[in-house]
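These notes concern the structure reproduced below.
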Amino acid sequence: MKYDEAYSKIENYFGTESTLILRNYYHLLNKSKPILDVGVGQGRNALFLARKGFSVDAIDPSKVAIDTVLSITSKERLSIRTYQCSFETFTQVRFLLWNSYIRAYSNLVLGSY
């Protein structure tokens, strides 16, 4: 799928509400560690967590996705650090910090390490 094209045509491609599993269990996450949102898309989960006071880093290869998240975070004064890159590129660059994240992938929290 060509996400830049899809995100340009549909404002909230996956909707605006965070996933049910995140809404039900976010309170169990450790706020002292940042959340890594892999494939942030238009930001529904990252924005939810940032609004709840979590520190969020978000990666996505789509420029449109990252621009969308940056626009919302600017308007709402939220703290989400964004990276336009693939997961593989991100982990190569940030490998030393990898263990400081609560890892999330495909909307499922995998755990804190």
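Each chain of the structure tokens is named A, B, ... in the order shown, its residues numbered from 1; ligands are numbered from 1 in display order.
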
- Message: Need the shell around range 22-31 of chain A: protein/DNA/RNA residues with any atom at most 7 Å away, counting only C-alpha atoms. Skip same-chain ones fewer than 3 positions apart. Format as a ChimeraX atom specification?
- Response: /A:18-19,54

Write out the residues from the selection above, keeping N, CA and C atoms, as a PDB file, in the first residue's frame.
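The result, stored in out.pdb:
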ATOM      1  N   SER A  18      -8.139   5.705  19.280  1.00  0.00           N
ATOM      2  CA  SER A  18      -7.078   4.727  19.508  1.00  0.00           C
ATOM      3  C   SER A  18      -7.676   3.321  19.554  1.00  0.00           C
ATOM      4  N   THR A  19      -6.814   2.335  19.458  1.00  0.00           N
ATOM      5  CA  THR A  19      -7.288   0.956  19.474  1.00  0.00           C
ATOM      6  C   THR A  19      -7.879   0.603  20.839  1.00  0.00           C
ATOM      7  N   PHE A  54       2.105  10.535  28.406  1.00  0.00           N
ATOM      8  CA  PHE A  54       3.243   9.691  28.085  1.00  0.00           C
ATOM      9  C   PHE A  54       4.186  10.410  27.125  1.00  0.00           C
TER      10      PHE A  54
END

- Quick one: residues within 7 Å of Arg44 in chain A, only C-alpha atoms counted, chain neighbours fewer than 4 positions away excluded, as a PyMOL selection string? chain A and resi 16-18+48

- Item | Of the listed residues A:Glu5, A:Asp57, A:Asp67, A:Glu76, that which approaches Gln42 in chain A most closely, counting only C-alpha atoms |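 For Gln42 in chain A, the nearest of the candidates is A:Asp67.
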
- Task: Give me the residues within 7 Å of Tyr7 in chain A as a list of chain:residue names, counting only C-alpha atoms and dropping any in the same chain fewer than 4 places off.
- Result: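 After dropping sequence-adjacent residues, the list is A:Tyr3, A:Glu11, A:Tyr13, A:Val64, A:Ala65.
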
Take the selection from the previous step and output its residues with N, CA and C atoms, as a PDB file, in the first residue's frame.
ATOM      1  N   TYR A   3       1.123   4.513   1.374  1.00  0.00           N
ATOM      2  CA  TYR A   3       0.499   5.278   2.446  1.00  0.00           C
ATOM      3  C   TYR A   3       0.485   6.778   2.188  1.00  0.00           C
ATOM      4  N   GLU A  11      -8.357  11.879   5.264  1.00  0.00           N
ATOM      5  CA  GLU A  11      -7.797  12.569   6.435  1.00  0.00           C
ATOM      6  C   GLU A  11      -7.519  11.624   7.606  1.00  0.00           C
ATOM      7  N   TYR A  13      -7.450   7.933   7.809  1.00  0.00           N
ATOM      8  CA  TYR A  13      -7.538   6.661   7.104  1.00  0.00           C
ATOM      9  C   TYR A  13      -7.939   5.504   8.026  1.00  0.00           C
ATOM     10  N   VAL A  64       3.725  12.043   4.669  1.00  0.00           N
ATOM     11  CA  VAL A  64       2.393  12.589   4.951  1.00  0.00           C
ATOM     12  C   VAL A  64       1.970  12.223   6.373  1.00  0.00           C
ATOM     13  N   ALA A  65       2.240  10.999   6.774  1.00  0.00           N
ATOM     14  CA  ALA A  65       1.901  10.562   8.135  1.00  0.00           C
ATOM     15  C   ALA A  65       2.638  11.407   9.171  1.00  0.00           C
TER      16      ALA A  65
END

- Task: Show which residues sit within 10 Å of Ser86 in chain A, as a ChimeraX atom specification. Count only C-alpha atoms, and ignore same-chain residues fewer than 5 positions away.
- Result: /A:38-39,59-62,91
